[in-house]
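What follows is a short report on a single structure.
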Amino acid sequence: MSTLTTAPAPTPTVAEPTARRRFRTGAGDQDKAGPVSYLLLGLAAAVSLFPLYWTFVAASHTGERVAQSPPPLLPGGSLWANVSTVWEQAAMGQALLNSTIVAGLVSLSTVAFSTLAGFAFAKLPFRGRNALLTLVVATMTIPPQLSVIPLYRIITGLEWGNQLQSVILPSLVAAFGVFFMRQFLAEALPVELVEAARMDGAHSLRIVWHVVFPIARPAMAVLGMLVFVQSWNDFFWPFVVLTQQNPTVQVALSAIGGGSAYDVNQAVIMTGALVGTLPLLLIFAVLGKHIVGGITAGAVKS
């Protein structure tokens, strides 16, 4: 007797909603920038880089050509002649060295002291912490011009006129740096790490070196870059205490151009500005990599 076997009925397939299929198909493209985004980014980059490009163009022409209307938009052939003129009119080599020393020492000291103070304000309980932090932040509202006369009297009393320490010592630490590092460490540094280190017998300096500094590295790089740029571009106080025989870059730039107020060689001035800007671009290129790498390596999640 033969047995009749019946095949199982096929399971009906339900059509997937069109919207869901469309979402899954385009899910991988959500992180890709479209042509409009690239266009806007390109325009923003062009607008940001145009002042630097114009400085280079003006530095490569003569003063008469820069003063003409319309001004040139393409580089010329007078760049090295203008650079030679800048070196003749101002002690630019000495100025670059002085600015590097001043900005470097100020940046290192500000980052170190600000990190230590920021760690204390963020994670170390002590009496009057909030009041003292408020006092530190309040000093940021005082215009620096108000302290010029007493500070100048102190410098002259110490016989530090026309010396680099007169520019370095008043800027060894900044209230902005303390507040900046305090805000970063309050969020990025888990208090459990500090407590665990103390339970292991680590003293405060060892905690700072092995725990605080590695975590604070991204903020330290950012703060160092900001302080270096600010110190490099500082003009008012160095102009008061330094002379053209021992200048920083900004003080030296005030001596170039020649002529009277109505006869200024703009090409030479732009050349000096270009020479004084190149070290900043180099510092930004170097520290930018450390900032990106430090954000990944120093990230801690509590």
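We name chains A, B, ... following the order of the structure tokens; residues begin at 1 in each chain, and ligands are numbered from 1 as shown.
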Quiz item: Can you list, as a PyMOL selection string, every protein, DNA or RNA residue that comes within 12 Å of range 202-209 of chain A when you count only C-alpha atoms, leaving out same-chain residues fewer than 3 positions away?
Solution: chain A and resi 112-113+115-120+123-124+185+189+191+193-199+212-217
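Going from CA of Asp234 in chain A to CA of Gln165 in chain A covers 14.7 Å.
The interatomic distance for the pair CA of Phe121 in chain A and CA of Leu169 in chain A works out to 23.3 Å.
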Exercise. Please run DSSP on the backbone and report, as an MDAnalysis selection string, all residues within range 57-269 of chain A that come out as alpha helix (DSSP H).
Key: chainID A and resid 57:59 63:67 79:89 92:123 129:138 148:157 165:168 175:188 191:199 204:207 213:233 236:241 249:253 266:269
Exercise. Just the residues within 9 Å of Gln145 in chain A, please, counting only C-alpha atoms, with nothing from its chain fewer than 4 positions along; format it as an MDAnalysis selection string.
Key: chainID A and resid 149 236:237
Could you write out that same residue set with all heavy atoms as a tab-separated table (two decimals), in the first residue's frame?
```tsv
chain	number	residue	atom	x	y	z
A	149	ILE	N	51.69	100.20	35.84
A	149	ILE	CA	52.54	101.14	36.61
A	149	ILE	C	53.16	100.44	37.82
A	149	ILE	O	54.39	100.51	38.01
A	149	ILE	CB	51.73	102.38	37.03
A	149	ILE	CG1	51.34	103.18	35.78
A	149	ILE	CG2	52.53	103.24	37.99
A	149	ILE	CD1	50.50	104.41	36.08
A	236	PHE	N	51.90	94.70	24.28
A	236	PHE	CA	51.86	95.89	25.15
A	236	PHE	C	52.95	95.86	26.21
A	236	PHE	O	53.78	96.77	26.29
A	236	PHE	CB	50.47	95.99	25.80
A	236	PHE	CG	50.31	97.19	26.69
A	236	PHE	CD1	50.30	98.47	26.15
A	236	PHE	CD2	50.20	97.04	28.06
A	236	PHE	CE1	50.17	99.57	26.96
A	236	PHE	CE2	50.07	98.14	28.88
A	236	PHE	CZ	50.05	99.41	28.33
A	237	TRP	N	52.97	94.80	27.04
A	237	TRP	CA	53.96	94.77	28.12
A	237	TRP	C	55.38	94.61	27.61
A	237	TRP	O	56.29	95.30	28.10
A	237	TRP	CB	53.60	93.67	29.12
A	237	TRP	CG	54.61	93.51	30.22
A	237	TRP	CD1	55.39	92.44	30.48
A	237	TRP	CD2	54.94	94.49	31.22
A	237	TRP	NE1	56.19	92.66	31.57
A	237	TRP	CE2	55.94	93.91	32.05
A	237	TRP	CE3	54.50	95.78	31.49
A	237	TRP	CZ2	56.49	94.59	33.12
A	237	TRP	CZ3	55.07	96.46	32.56
A	237	TRP	CH2	56.03	95.87	33.37
```
Quiz item: Got a sec: who's within 10 Å of Met225 in chain A, counting only C-alpha atoms, leaving out chain neighbours fewer than 3 positions off, as a ChimeraX atom specification?
Solution: /A:103-104,107,111,219-222,228-231,280,283-284,286-288,291
Quiz item: Looking at only C-alpha atoms, which of A:Asn233, A:Thr55, A:Thr100, A:Gln183 is the one that sits closest to Leu79 in chain A?
Solution: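 Smallest distance to Leu79 in chain A is found for A:Thr55.
Ranking A:Val264, A:Val137, A:Leu73, A:Gly42 by their shortest atom-to-atom distance to Trp54 in chain A, with only C-alpha atoms included, puts A:Leu73 first.
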Quiz item: What lies within 8 Å of Asn246 in chain A using only C-alpha atoms, ignoring chain neighbours under 3 positions off, as number ranges by chain?
Solution: A: 91, 94-95, 98, 162-163, 242-243
Quiz prompt | Point-to-point distance from CA of Thr248 in chain A to CA of Tyr152 in chain A, Å rounded to tenths | solution =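 These atoms are spaced 17.6 Å apart.
For the set A:Leu151, A:Leu96, A:Val275, A:Ile269, the residue with the smallest atom-to-atom gap to Val249 in chain A is A:Leu96, counting only C-alpha atoms.
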